[in-house]
Amino acid sequence: MAALAVVGCSSDSVTGLGESFDARASAAIVETAVSSEWVNLSSGHASMIVLAVKNAPAASIIPGLDEDRLGALRNRDGNSIAGRIKSSVTAPSLSVTGRNGILPDQVLGKTFTLAGQTAGGYGLLEDSEGAPEDGARFLMYELDPVTGRPRLIPPSRAGQLDLREPVPNAGLEVYATDKSGDVLSDLTLARTVIDDGSNYSSTLTSSGALVKGSRFEFSMIDHVAFSNGFNRVDFQFDRDIQSQERDIHVTYETDGYITSSETDQGQVHLVMTLRSGGHTVVLDAVDDGVVVIGDVTYDGVAVVNISGDPFEPTFTRPDGSFLAEGELNDMWEFWHSFDLVLYFGDALVIPLSTLIL
């Protein structure tokens, strides 16, 4: 049986998995794959970019799915798999249209900058050139380490983000560079929505490359389908992040349903796979809101069993014996690492996707 190894390890020193399962090292490798300066940078700008586009003069506002229609689904909280998945079950609110496309005419070919002593929003930068004709350019600034918002006094440019729509209604392209002109991200976004008044479904797809010293290829699919008066949602969330340079490949697949019923809270099936150093770790668990059952395998051999309360799962060895304190702490760190993968890209992809009907 593959053994548990307790080895202190930081994400900076991780190069691959060893001959035995190390929960802490595995968590550090996952963090290496999903942590990125551009994600932090974009999280401080994305919501303001969305507001700038939506508030463009004469833009046509089209209602989307209102948060109130999510009903009791939004009232379920907790640290279980189902509880954390629930927080990702959202839907677009408003979208803008122009030239029969996603982006309004008023922003095309324009460059926007943040104004004021604090980053209250984007304003048009007059007499600027270089913005894409089929999109808009947004200047980005270094973030305040305390507030996480762009710091404008003193102003310090961090780069720029181009939001393009080459083909009307076919999706958006996001191209971000740092202040030296080096590429931070090169992504595409597309969304399809069906809403007949009683049923609603939304599928968001995104793919491209993220660069943070090494190049990481990235793809994601978020699919949600509401039914039964919006008191049930079926979902699928997939993530795929890999870097050949760093020998890291993380995949995340989860599907299931959640309801507002007290007798049937739904079920979530999660599979997260980490490949590195010629080894493979798989976390496979099912959470039905009452109990969670699953395991962790290392190169196909079970190393940890998962059971019990979804909010406080129990981790044991395959023979039923308990983990030592250090092993348990490391396992908790690995258990929570799937949050990083689930929410990866949300800082930029999810806000900007609200522009797409």
# chains A, B, ... in the order shown; residues from 1 in each chain; ligands from 1
>>> residues_around(residues="segment 200-203 of chain A", least_positions_apart="6", cutoff="6 Å", atoms="only C-alpha atoms", output="tab-separated table (two decimals) with C-alpha atoms, in the first residue's frame")
chain	number	residue	atom	x	y	z
A	191	ARG	CA	-21.88	31.60	-23.36
A	192	THR	CA	-25.17	30.11	-24.48
A	193	VAL	CA	-28.39	30.77	-22.57
A	194	ILE	CA	-31.88	29.29	-22.84
A	222	ASP	CA	-19.66	26.00	-16.32
A	223	HIS	CA	-23.12	24.62	-17.05
A	224	VAL	CA	-26.18	25.26	-14.89
A	225	ALA	CA	-29.80	24.33	-15.63
A	226	PHE	CA	-32.63	25.56	-13.40
>>> closest_residue(among="A:Leu172, A:Ile248, A:Ala285, A:Val107", to="Val30 of chain A", atoms="only C-alpha atoms")
A:Ile248
>>> atom_distance(atom1="atom CA of Ser307 of chain A", atom2="atom CA of Gly294 of chain A")
6.5 Å
>>> residues_around(residues="Val341 of chain A", least_positions_apart="4", cutoff="8 Å", atoms="only C-alpha atoms", output="list in words")
Val30, Val34, Arg239, Tyr252 and Ser337 of chain A
>>> residues_around(residues="Ser128 of chain A", least_positions_apart="4", cutoff="10 Å", atoms="only C-alpha atoms", output="PDB file with N, CA and C atoms, in the first residue's frame")
ATOM      1  N   GLY A 109     -12.953  50.733 -30.002  1.00  0.00           N
ATOM      2  CA  GLY A 109     -11.817  51.569 -30.362  1.00  0.00           C
ATOM      3  C   GLY A 109     -11.411  52.552 -29.298  1.00  0.00           C
ATOM      4  N   LYS A 110     -11.991  52.430 -28.110  1.00  0.00           N
ATOM      5  CA  LYS A 110     -11.729  53.395 -27.041  1.00  0.00           C
ATOM      6  C   LYS A 110     -10.802  52.799 -25.974  1.00  0.00           C
ATOM      7  N   THR A 111     -10.053  53.687 -25.301  1.00  0.00           N
ATOM      8  CA  THR A 111      -9.204  53.311 -24.175  1.00  0.00           C
ATOM      9  C   THR A 111      -9.767  53.928 -22.905  1.00  0.00           C
ATOM     10  N   PHE A 112      -9.854  53.112 -21.843  1.00  0.00           N
ATOM     11  CA  PHE A 112     -10.419  53.577 -20.587  1.00  0.00           C
ATOM     12  C   PHE A 112      -9.354  53.511 -19.504  1.00  0.00           C
ATOM     13  N   LEU A 124     -13.376  57.418 -19.872  1.00  0.00           N
ATOM     14  CA  LEU A 124     -12.767  57.424 -21.198  1.00  0.00           C
ATOM     15  C   LEU A 124     -11.471  58.227 -21.177  1.00  0.00           C
TER      16      LEU A 124
END
